[in-house]
$ cat work38.tsv   # TSV, C-alpha atoms
chain	number	residue	atom	x	y	z
C	102	MET	CA	127.99	86.04	101.14
C	103	ALA	CA	125.30	86.17	103.82
C	104	VAL	CA	122.70	83.43	103.66
C	105	ALA	CA	119.16	84.68	103.30
C	106	PRO	CA	116.65	82.87	105.52
C	107	PRO	CA	113.85	81.28	103.49
C	108	SER	CA	110.97	83.73	103.85
C	109	TYR	CA	107.88	83.21	101.72
C	110	CYS	CA	105.27	85.58	100.22
C	111	PHE	CA	102.08	84.42	98.53
C	112	VAL	CA	99.20	85.78	96.52
C	113	ALA	CA	96.09	84.06	95.16
C	114	PHE	CA	93.61	85.61	92.70
C	115	PRO	CA	90.05	84.51	91.90
C	116	PRO	CA	88.94	81.99	90.84
C	117	ARG	CA	91.67	80.21	92.90
C	118	ALA	CA	90.80	82.52	95.79
C	119	LYS	CA	87.17	82.54	96.84
C	120	ASP	CA	84.36	85.05	96.42
C	121	GLY	CA	86.11	87.64	94.28
C	122	GLN	CA	88.84	88.19	96.88
C	123	VAL	CA	92.59	88.49	96.42
C	124	VAL	CA	94.45	86.81	99.32
C	125	PHE	CA	98.01	87.87	100.22
C	126	GLY	CA	100.31	86.38	102.85
C	127	LYS	CA	103.88	86.52	104.11
C	128	ASN	CA	106.07	84.93	106.75
C	129	SER	CA	109.02	87.05	107.78
C	130	ALA	CA	112.00	84.82	108.62
C	131	ARG	CA	114.58	86.83	110.55
C	132	PRO	CA	117.22	86.30	113.26
C	133	ARG	CA	115.59	84.39	116.14
C	134	ASP	CA	115.85	87.08	118.80
C	135	GLU	CA	114.70	90.00	116.63
C	136	VAL	CA	111.46	91.69	117.68
C	137	GLN	CA	108.89	92.89	115.13
C	138	GLU	CA	106.36	95.55	115.91
C	139	VAL	CA	103.08	96.42	114.19
C	140	VAL	CA	102.76	100.16	113.62
C	141	TYR	CA	100.07	102.37	112.06
C	142	PHE	CA	100.94	105.75	110.52
C	143	SER	CA	98.12	108.06	109.45
C	144	ALA	CA	98.12	109.89	106.12
C	145	ALA	CA	100.08	113.13	106.33
C	146	ASP	CA	100.94	116.29	104.40
C	147	HIS	CA	104.57	117.36	104.29
C	148	ASP	CA	106.39	120.65	103.72
C	149	PRO	CA	107.93	121.25	100.32
C	150	GLU	CA	111.61	120.25	100.19
C	151	SER	CA	111.39	118.28	103.43
C	152	LYS	CA	113.35	115.03	103.83
C	153	VAL	CA	112.40	111.65	105.26
C	154	GLU	CA	114.98	109.83	107.33
C	155	CYS	CA	114.99	106.14	106.36
C	156	THR	CA	117.06	103.46	108.12
C	157	TYR	CA	120.47	104.70	106.93
C	158	ILE	CA	119.93	107.63	104.56
C	159	SER	CA	117.49	110.49	103.98
C	160	VAL	CA	115.49	110.95	100.78
C	161	ASP	CA	113.21	113.73	99.50
C	162	GLN	CA	109.75	113.60	101.05
C	163	VAL	CA	106.61	113.77	98.88
C	164	PRO	CA	103.79	116.31	99.46
C	165	ARG	CA	101.45	113.64	100.87
C	166	THR	CA	101.94	110.14	102.27
C	167	HIS	CA	99.14	107.56	102.57
C	168	ALA	CA	98.02	105.89	105.80
C	169	ILE	CA	99.90	102.61	106.29
C	170	VAL	CA	100.06	99.69	108.71
C	171	ILE	CA	103.33	97.76	108.75
C	172	SER	CA	105.14	94.92	110.49
C	173	ARG	CA	108.80	95.75	110.89
C	174	PRO	CA	111.94	94.75	112.75
C	175	ALA	CA	111.83	97.24	115.62
C	176	TRP	CA	115.29	98.72	114.99
C	177	LEU	CA	114.71	100.01	111.47
C	178	TRP	CA	112.57	102.58	109.65
C	179	GLY	CA	111.14	100.47	106.84
C	180	ALA	CA	108.95	97.37	106.85
C	181	GLU	CA	109.09	93.67	106.08
C	182	MET	CA	105.46	93.79	104.98
C	183	GLY	CA	102.38	95.91	105.24
C	184	ALA	CA	99.43	97.60	103.58
C	185	ASN	CA	98.11	101.07	102.85
C	186	GLU	CA	94.67	102.72	102.93
C	187	HIS	CA	94.22	102.13	99.18
C	188	GLY	CA	94.42	98.35	99.45
C	189	VAL	CA	98.03	98.00	98.29
C	190	CYS	CA	100.09	95.30	100.05
C	191	ILE	CA	103.85	94.87	99.73
C	192	ALA	CA	106.28	92.28	101.08
C	193	ASN	CA	110.03	92.09	100.65
C	194	GLU	CA	112.43	89.18	100.20
C	195	ALA	CA	116.20	89.27	100.72
C	196	ILE	CA	117.87	87.81	97.62
C	197	ASN	CA	121.35	86.63	96.75
C	198	ALA	CA	122.32	87.32	93.14
C	199	ARG	CA	125.34	86.92	90.93
C	200	GLU	CA	126.32	90.45	91.85
C	201	PRO	CA	126.94	90.78	95.61
C	202	ALA	CA	124.76	93.35	97.32
C	203	SER	CA	126.43	96.58	98.35
C	204	GLU	CA	127.50	96.99	101.98
C	205	THR	CA	127.50	100.77	101.54
C	206	GLU	CA	124.57	102.26	103.43
C	207	ALA	CA	121.78	103.23	101.05
C	208	LEU	CA	118.09	102.23	101.00
C	209	LEU	CA	117.23	98.80	102.39
C	210	GLY	CA	114.69	96.65	100.58
C	211	MET	CA	112.59	97.14	103.71
C	212	ASP	CA	112.75	100.94	103.37
C	213	LEU	CA	111.47	100.54	99.81
C	214	VAL	CA	108.48	98.51	101.07
C	215	ARG	CA	107.42	101.40	103.31
C	216	LEU	CA	108.16	104.08	100.71
C	217	GLY	CA	106.10	102.16	98.14
C	218	LEU	CA	103.16	101.89	100.56
C	219	GLU	CA	103.35	105.55	101.58
C	220	ARG	CA	103.43	106.79	97.98
C	221	GLY	CA	101.52	104.31	95.77
C	222	THR	CA	97.73	104.20	95.32
C	223	THR	CA	97.96	101.05	93.16
C	224	ALA	CA	100.40	98.13	92.91
C	225	LYS	CA	101.83	99.54	89.66
C	226	GLU	CA	102.26	103.01	91.18
C	227	ALA	CA	104.09	101.49	94.15
C	228	LEU	CA	106.37	99.59	91.75
C	229	ASP	CA	107.15	102.82	89.88
C	230	VAL	CA	107.97	104.55	93.19
C	231	ILE	CA	110.33	101.74	94.25
C	232	VAL	CA	112.27	101.54	90.98
C	233	ALA	CA	112.63	105.35	90.77
C	234	LEU	CA	114.07	105.47	94.31
C	235	LEU	CA	116.34	102.53	93.50
C	236	GLU	CA	117.67	104.38	90.44
C	237	GLU	CA	118.30	107.53	92.47
C	238	HIS	CA	119.65	106.13	95.75
C	239	GLY	CA	120.61	102.47	95.20
C	240	GLN	CA	120.22	99.74	97.81
C	241	GLY	CA	122.68	98.54	100.43
C	242	GLY	CA	123.62	98.31	104.08
C	243	ASN	CA	123.21	95.80	106.88
C	244	TYR	CA	119.91	93.87	106.94
C	245	TYR	CA	120.51	92.73	110.53
C	246	GLU	CA	121.17	94.44	113.84
C	247	ASP	CA	124.67	92.97	113.95
C	248	ALA	CA	127.85	94.87	114.81
C	249	ASN	CA	130.12	91.95	113.89
C	250	SER	CA	129.37	91.56	110.20
C	251	CYS	CA	127.39	93.19	107.42
C	252	HIS	CA	124.63	91.05	105.95
C	253	SER	CA	123.61	92.77	102.73
C	254	PHE	CA	121.15	91.48	100.14
C	255	GLN	CA	119.49	92.33	96.87
C	256	SER	CA	115.69	92.63	97.06
C	257	ALA	CA	112.57	91.09	95.59
C	258	PHE	CA	109.06	92.41	96.19
C	259	LEU	CA	105.53	91.12	95.88
C	260	ILE	CA	103.30	94.16	95.28
C	261	VAL	CA	99.57	93.49	95.28
C	262	ASP	CA	96.24	95.29	94.94
C	263	CYS	CA	92.75	93.97	94.27
C	264	GLU	CA	93.26	93.92	90.49
C	265	GLU	CA	96.82	92.81	89.89
C	266	ALA	CA	100.12	91.81	91.44
C	267	TRP	CA	103.66	92.61	90.39
C	268	VAL	CA	106.69	90.48	91.19
C	269	LEU	CA	109.64	92.90	91.19
C	270	GLU	CA	113.17	91.50	91.41
C	271	THR	CA	116.19	93.77	91.72
C	272	VAL	CA	119.96	93.53	91.45
C	273	GLY	CA	121.57	96.82	92.47
C	274	LYS	CA	119.60	99.45	90.54
C	275	TYR	CA	118.67	96.99	87.77
C	276	TRP	CA	115.31	95.27	87.86
C	277	ALA	CA	112.69	93.20	86.07
C	278	ALA	CA	109.01	92.75	86.88
C	279	GLU	CA	106.18	90.42	85.96
C	280	LYS	CA	102.49	91.30	86.18
C	281	MET	CA	99.84	88.79	87.14
C	282	THR	CA	96.05	89.01	87.39
C	283	GLU	CA	95.09	85.36	87.93
C	284	GLY	CA	96.26	82.12	89.54
C	285	VAL	CA	98.65	81.87	92.47
C	286	LYS	CA	102.23	83.00	93.05
C	287	CYS	CA	104.87	82.33	95.68
C	288	ILE	CA	108.17	84.19	95.91
C	289	CYS	CA	111.01	83.39	98.28
C	290	ASN	CA	114.73	84.12	98.59
C	291	GLN	CA	115.70	83.28	95.06
C	292	LEU	CA	115.19	85.05	91.79
C	293	SER	CA	112.11	83.58	90.11
C	294	LEU	CA	111.46	85.65	86.96
C	295	THR	CA	112.43	83.87	83.76
C	296	THR	CA	111.46	84.93	80.24
C	297	LYS	CA	108.05	86.53	80.93
C	298	ILE	CA	109.04	90.09	81.80
C	299	ASP	CA	106.40	92.84	81.62
C	300	ALA	CA	108.60	95.78	82.66
C	301	GLU	CA	112.34	96.19	83.15
C	302	HIS	CA	115.18	98.66	83.71
C	303	PRO	CA	116.03	100.19	80.30
C	304	GLU	CA	119.67	99.10	80.60
C	305	LEU	CA	119.04	95.67	82.18
C	306	ARG	CA	120.02	93.61	79.14
C	307	SER	CA	122.98	95.76	78.08
C	308	TYR	CA	124.29	95.58	81.66
C	309	ALA	CA	124.01	91.77	81.65
C	310	GLN	CA	125.90	91.69	78.35
C	311	SER	CA	128.61	94.04	79.60
C	312	GLN	CA	129.23	91.69	82.54
C	313	GLY	CA	129.51	88.69	80.21
C	314	TRP	CA	126.44	87.04	81.78
C	315	TRP	CA	124.33	87.05	78.62
C	316	THR	CA	125.38	86.71	75.00
C	317	GLY	CA	122.55	88.80	73.60
C	318	GLU	CA	121.71	85.92	71.29
C	319	ASP	CA	119.99	83.43	73.61
C	320	GLU	CA	116.52	84.16	74.93
C	321	PHE	CA	116.86	86.48	77.96
C	322	ASN	CA	116.03	84.57	81.16
C	323	PHE	CA	116.32	86.92	84.14
C	324	SER	CA	116.94	84.38	86.90
C	325	GLU	CA	119.37	82.34	84.79
C	326	VAL	CA	121.35	85.47	83.96
C	327	PHE	CA	121.41	87.01	87.47
C	328	SER	CA	121.28	84.07	89.92
C	329	PRO	CA	124.47	82.91	91.65
C	330	ALA	CA	126.00	79.85	89.99
C	331	ASP	CA	125.23	77.62	92.98
C	332	ASP	CA	121.56	78.61	93.22
C	333	HIS	CA	119.16	75.76	92.64
C	334	LEU	CA	116.19	77.57	91.15
C	335	ALA	CA	113.43	76.03	93.20
C	336	CYS	CA	111.32	77.97	95.64
C	337	CYS	CA	109.33	74.82	95.74
C	338	SER	CA	107.97	74.20	99.22
C	339	GLY	CA	105.97	77.41	99.32
C	340	LYS	CA	104.83	77.06	95.73
C	341	ASP	CA	103.72	73.47	96.32
C	342	SER	CA	101.82	74.44	99.48
C	343	LEU	CA	99.78	76.96	97.53
C	344	GLU	CA	99.31	75.01	94.31
C	345	LYS	CA	98.20	71.76	95.94
C	346	GLN	CA	95.19	73.49	97.54
C	347	GLU	CA	92.25	71.86	95.84
C	348	GLU	CA	89.57	74.08	97.30
C	349	SER	CA	89.41	77.81	96.84
C	350	ILE	CA	91.97	79.72	98.87
C	351	THR	CA	90.64	81.71	101.83
C	352	VAL	CA	92.23	83.67	104.67
C	353	GLN	CA	92.14	80.46	106.72
C	354	THR	CA	93.94	78.52	103.96
C	355	MET	CA	96.66	81.16	103.84
C	356	ILE	CA	97.04	81.13	107.65
C	357	ASP	CA	97.36	77.32	107.57
C	358	ILE	CA	100.06	77.52	104.88
C	359	LEU	CA	102.01	80.09	106.93
C	360	ARG	CA	101.81	77.84	110.00
C	361	ASP	CA	103.20	74.78	108.23
C	362	LYS	CA	106.61	73.83	109.64
C	363	ALA	CA	106.82	70.50	107.78
C	364	SER	CA	106.91	72.30	104.41
C	365	GLY	CA	109.56	74.78	105.60
C	366	VAL	CA	107.23	77.74	105.07
C	367	CYS	CA	107.20	78.37	108.83
C	368	VAL	CA	110.87	78.69	109.76
C	369	ASP	CA	112.09	77.56	113.17
C	370	SER	CA	115.81	76.81	112.96
C	371	GLU	CA	118.87	77.42	115.10
C	372	SER	CA	119.51	80.89	113.69
C	373	PHE	CA	116.22	81.94	112.14
C	374	LEU	CA	112.57	82.08	113.12
C	375	THR	CA	109.38	83.35	111.48
C	376	THR	CA	109.32	86.47	113.65
C	377	ALA	CA	106.03	87.86	112.30
C	378	SER	CA	103.32	87.11	109.73
C	379	ILE	CA	100.61	88.88	107.74
C	380	VAL	CA	97.57	87.75	105.76
C	381	SER	CA	95.45	90.25	103.83
C	382	VAL	CA	92.17	89.88	101.99
C	383	LEU	CA	91.50	92.43	99.24
C	384	PRO	CA	87.91	92.23	97.92
C	385	GLN	CA	87.56	93.04	94.21
C	386	ASN	CA	84.21	94.61	95.06
C	387	ARG	CA	85.45	97.98	96.29
C	388	SER	CA	82.46	98.57	98.55
C	389	SER	CA	83.90	95.92	100.92
C	390	PRO	CA	86.87	96.83	103.12
C	391	CYS	CA	90.33	95.26	102.84
C	392	ILE	CA	91.23	93.35	106.01
C	393	HIS	CA	94.81	92.79	107.17
C	394	TYR	CA	95.67	90.21	109.81
C	395	PHE	CA	98.94	90.61	111.74
C	396	THR	CA	100.49	88.37	114.41
C	397	GLY	CA	102.96	90.92	115.85
C	398	THR	CA	104.59	87.89	117.53
C	399	PRO	CA	106.97	85.09	116.48
C	400	ASP	CA	105.98	81.68	115.10
C	401	PRO	CA	102.56	81.81	113.42
C	402	SER	CA	101.85	78.24	114.56
C	403	ARG	CA	101.86	79.64	118.11
C	404	SER	CA	100.41	83.07	117.38
C	405	ILE	CA	97.03	84.69	116.87
C	406	PHE	CA	96.25	86.51	113.61
C	407	LYS	CA	94.50	89.77	114.54
C	408	PRO	CA	92.48	91.90	112.09
C	409	PHE	CA	93.06	95.54	111.13
C	410	ILE	CA	90.81	97.71	108.90
C	411	PHE	CA	91.67	101.22	107.67
C	412	VAL	CA	89.16	103.86	108.79
C	413	GLU	CA	89.47	107.57	109.63
C	414	ASP	CA	90.13	107.21	113.35
C	415	VAL	CA	92.35	104.19	113.92
C	416	LYS	CA	93.22	103.73	117.57
C	417	LEU	CA	96.99	103.37	117.99
C	418	VAL	CA	98.27	100.21	119.66
C	419	PRO	CA	101.27	101.04	121.88
C	420	LYS	CA	101.23	97.49	123.29
C	421	ALA	CA	102.34	96.12	119.89
C	422	GLN	CA	105.00	98.82	119.51
C	423	SER	CA	108.57	98.56	120.75
C	424	PRO	CA	110.12	101.12	123.08
C	425	CYS	CA	111.56	104.14	121.25
C	426	PHE	CA	115.17	105.06	122.02
C	427	GLY	CA	115.28	108.19	119.83
C	428	ASP	CA	118.72	109.46	118.84
C	429	ASP	CA	120.31	107.25	121.51
C	430	ASP	CA	119.29	104.13	119.59
C	431	PRO	CA	122.47	102.13	118.82
C	432	ALA	CA	121.03	101.50	115.33
C	433	LYS	CA	121.17	105.25	114.66
C	434	LYS	CA	124.67	105.93	116.02
C	435	GLU	CA	127.90	105.19	114.16
C	436	PRO	CA	129.57	102.76	114.52
C	437	ARG	CA	126.20	101.03	114.55
C	438	PHE	CA	124.79	98.28	116.77
C	439	GLN	CA	127.38	98.57	119.53
C	440	GLU	CA	124.64	97.53	121.97
C	441	LYS	CA	121.38	95.66	121.58
C	442	PRO	CA	118.64	97.31	123.63
C	443	ASP	CA	115.60	95.35	124.81
C	444	ARG	CA	113.08	96.02	122.05
C	445	ARG	CA	110.32	93.70	123.32
C	446	HIS	CA	106.86	95.28	123.40
C	447	GLU	CA	104.09	94.33	125.81
C	448	LEU	CA	102.41	91.91	123.40
C	449	TYR	CA	105.75	90.20	122.66
C	450	LYS	CA	106.50	89.76	126.38
C	451	ALA	CA	103.06	88.32	127.11
C	452	HIS	CA	103.42	85.99	124.15
C	453	GLU	CA	106.80	84.71	125.39
C	454	TRP	CA	104.94	83.10	128.28
C	455	ALA	CA	102.55	81.40	125.85
C	456	ARG	CA	105.40	80.10	123.68
C	457	ALA	CA	107.10	78.61	126.73
C	458	VAL	CA	103.89	76.83	127.80
C	459	LEU	CA	103.22	75.55	124.28
C	460	GLU	CA	106.75	74.17	124.09
C	461	SER	CA	107.03	72.57	127.50
C	462	ASP	CA	103.74	71.54	129.06
C	463	GLU	CA	101.84	69.15	126.83
C	464	GLU	CA	98.47	69.19	128.54
C	465	GLN	CA	98.41	72.88	129.41
C	466	GLY	CA	99.91	73.63	125.98
C	467	GLN	CA	97.11	71.84	124.13
C	468	LYS	CA	94.50	73.68	126.18
C	469	LEU	CA	96.21	77.00	125.55
C	470	ARG	CA	96.51	76.38	121.82
C	471	LYS	CA	92.82	75.47	121.62
C	472	THR	CA	91.81	78.70	123.35
C	473	MET	CA	94.16	80.78	121.17
C	474	LEU	CA	92.64	79.29	118.01
C	475	GLU	CA	89.16	79.93	119.41
C	476	LEU	CA	90.02	83.62	119.96
C	477	GLU	CA	91.35	83.84	116.41
C	478	LYS	CA	88.29	82.09	114.99
C	479	GLN	CA	85.97	84.63	116.62
C	480	GLY	CA	87.90	87.40	114.87
C	481	LEU	CA	87.85	85.61	111.50
C	482	GLU	CA	84.11	84.98	111.74
C	483	ALA	CA	83.36	88.59	112.67
C	484	MET	CA	85.42	89.76	109.67
C	485	GLU	CA	83.65	87.30	107.36
C	486	GLU	CA	80.36	88.87	108.44
C	487	ILE	CA	81.67	92.31	107.50
C	488	LEU	CA	82.76	91.03	104.07
C	489	THR	CA	79.45	89.32	103.30
C	490	SER	CA	77.24	92.06	104.73
C	491	SER	CA	75.22	94.26	102.38
C	492	GLU	CA	75.30	97.04	105.00
C	493	PRO	CA	78.04	99.67	104.69
C	494	LEU	CA	80.85	99.38	107.26
C	495	ASP	CA	80.43	101.53	110.36
C	496	PRO	CA	83.91	103.07	110.86
C	497	THR	CA	83.31	103.67	114.58
C	498	GLU	CA	82.95	99.93	115.10
C	499	VAL	CA	86.35	98.98	113.66
C	500	GLY	CA	88.60	101.92	114.58
C	501	ASP	CA	89.79	100.10	117.69
C	502	LEU	CA	89.58	96.59	116.21
C	503	PHE	CA	93.29	95.76	116.26
C	504	TYR	CA	93.70	97.53	119.62
C	505	ASP	CA	90.96	95.41	121.20
C	506	CYS	CA	92.36	92.17	119.76
C	507	VAL	CA	95.86	92.89	121.11
C	508	ASP	CA	94.40	93.88	124.48
C	509	THR	CA	92.31	90.70	124.71
C	510	GLU	CA	95.31	88.55	123.78
C	511	ILE	CA	97.54	90.10	126.44
C	512	LYS	CA	94.86	89.75	129.14
C	513	PHE	CA	94.32	86.16	128.11
C	514	PHE	CA	98.05	85.32	128.40
C	515	LYS	CA	98.20	86.90	131.83
$ encode --input "work38.tsv" --output "structure tokens"
Amino acid sequence: MAVAPPSYCFVAFPPRAKDGQVVFGKNSARPRDEVQEVVYFSAADHDPESKVECTYISVDQVPRTHAIVISRPAWLWGAEMGANEHGVCIANEAINAREPASETEALLGMDLVRLGLERGTTAKEALDVIVALLEEHGQGGNYYEDANSCHSFQSAFLIVDCEEAWVLETVGKYWAAEKMTEGVKCICNQLSLTTKIDAEHPELRSYAQSQGWWTGEDEFNFSEVFSPADDHLACCSGKDSLEKQEESITVQTMIDILRDKASGVCVDSESFLTTASIVSVLPQNRSSPCIHYFTGTPDPSRSIFKPFIFVEDVKLVPKAQSPCFGDDDPAKKEPRFQEKPDRRHELYKAHEWARAVLESDEEQGQKLRKTMLELEKQGLEAMEEILTSSEPLDPTEVGDLFYDCVDTEIKFFK
């Protein structure tokens, strides 16, 4: 069975998070050389009976899809994490369960992240979208751009809006979910739901019984029933990082947690790396905008978190998007992944220089890091002003916000 890299997703609700804000964060741990891109798609109307081509299969399109911004491995259709115009955020975790994930190509967990964002106006609506698609199409197929072996996983999701969060954990088409409206939560690459289940697949328990995994007499504990026998049920380092925060949790707190290599939250190993990160702040006062910070580059401890706000005219950011290979993409041809094209975007290439300096030259590296953090701080402070302002947001001022931040970062690295 493929080993899932330890990615982490977090959410904090008031009063643990400050000023009536919900704070969401995720590190995406993926194969070291994989490139992630940050892509915005505007809301769109679609023809009746049209299809949408996901990573491996097509599914029925809906009449209207919401505007979304996502961070995704550049070879696939879906997303590791992202947000939509209604303030819904979703992140995905690859999970090993007692039942091996299917290698047959179906929907990937990452496709379900994007489909949930495109179709859900609330966290609960997005959850309903995901489980309906799971029931209809199933999940399966290779999670990695690897011709030599198929790495398939079950999926867990953290689905968040400004009022509630849902932890959704799936095994094949079966699923359980827990709702939360307060406190903090961390999910990683292990099943975490136990006996508090707020929604579930109608046949979940009978299926567990039919497999001989549950007697029907003991209390039903989802992760005990569905986890592999060798799984030690502790997603502890991420949970500890969040719970030990004594002060209220802010965007900066979440960024610091995602940068922490000592805790294992920021992965930098022989095979895996945190290839991209997101932090979102969702104000419970709906007159304030949601703000989503993306790195678009590997290793958050050596990256700049750049803000994005949904408005009518968002300026597209080609410099954070990978080259498009169309139908010639080896990920779209069968047999798949016979070649690995260069998927690095302009921001990624510029950032490679910075990573090399930070790793090799101590003096220049310290200077560079200081300037990078200064750039980031300016962005955070400007966003804080927007959140605390009593004036309504001027959309023309933030339409090119993410574009400008990416542009400034690239110029700075050059």
$ atom_distance --input "work38.tsv" --atom1 "atom CA of Glu325 of chain C" --atom2 "atom CA of Thr295 of chain C"
7.2 Å
$ atom_distance --input "work38.tsv" --atom1 "atom CA of Arg215 of chain C" --atom2 "atom CA of Pro116 of chain C"
29.6 Å
$ closest_atom_pairs --input "work38.tsv" --of "segment 364-422 of chain C" --to "segment 338-352 of chain C" --cutoff "8 Å" --atoms "all atoms listed in the file" --output "JSON lines"
{"residue": "C:Ser364", "atom": "CA", "partner": "C:Ser338", "partner_atom": "CA", "distance": 5.6}
{"residue": "C:Gly365", "atom": "CA", "partner": "C:Ser338", "partner_atom": "CA", "distance": 6.6}
{"residue": "C:Val366", "atom": "CA", "partner": "C:Gly339", "partner_atom": "CA", "distance": 5.9}
{"residue": "C:Val380", "atom": "CA", "partner": "C:Val352", "partner_atom": "CA", "distance": 6.8}
{"residue": "C:Ser381", "atom": "CA", "partner": "C:Val352", "partner_atom": "CA", "distance": 7.4}
{"residue": "C:Val382", "atom": "CA", "partner": "C:Val352", "partner_atom": "CA", "distance": 6.8}
$ write_last_selection --input "work38.tsv" --atoms "C-alpha atoms" --output "mmCIF file, in the coordinates of the input"
data_model
loop_
_atom_site.group_PDB
_atom_site.id
_atom_site.type_symbol
_atom_site.label_atom_id
_atom_site.label_comp_id
_atom_site.auth_asym_id
_atom_site.auth_seq_id
_atom_site.Cartn_x
_atom_site.Cartn_y
_atom_site.Cartn_z
ATOM 1 C CA SER C 364 106.910 72.300 104.410
ATOM 2 C CA GLY C 365 109.560 74.780 105.600
ATOM 3 C CA VAL C 366 107.230 77.740 105.070
ATOM 4 C CA VAL C 380 97.570 87.750 105.760
ATOM 5 C CA SER C 381 95.450 90.250 103.830
ATOM 6 C CA VAL C 382 92.170 89.880 101.990
#
$ closest_residue --input "work38.tsv" --among "C:Ala118, C:Ala198, C:Leu234, C:Val458" --to "Gln162 of chain C" --atoms "only C-alpha atoms"
C:Leu234
$ residues_near_point --input "work38.tsv" --point "(84.2, 96.3, 90.3)" --cutoff "12 Å" --atoms "all atoms listed in the file" --output "count of residues only"
10
$ residues_around --input "work38.tsv" --residues "Asp229 of chain C" --least-positions-apart "2" --cutoff "12 Å" --atoms "all atoms listed in the file" --output "list of chain:residue names"
C:Leu213, C:Leu216, C:Gly217, C:Leu218, C:Arg220, C:Gly221, C:Thr222, C:Thr223, C:Ala224, C:Lys225, C:Glu226, C:Ala227, C:Ile231, C:Val232, C:Ala233, C:Leu234, C:Leu235, C:Glu236, C:Ile260, C:Trp267, C:Leu269, C:Trp276, C:Ala277, C:Ala278, C:Ala300, C:Glu301, C:His302
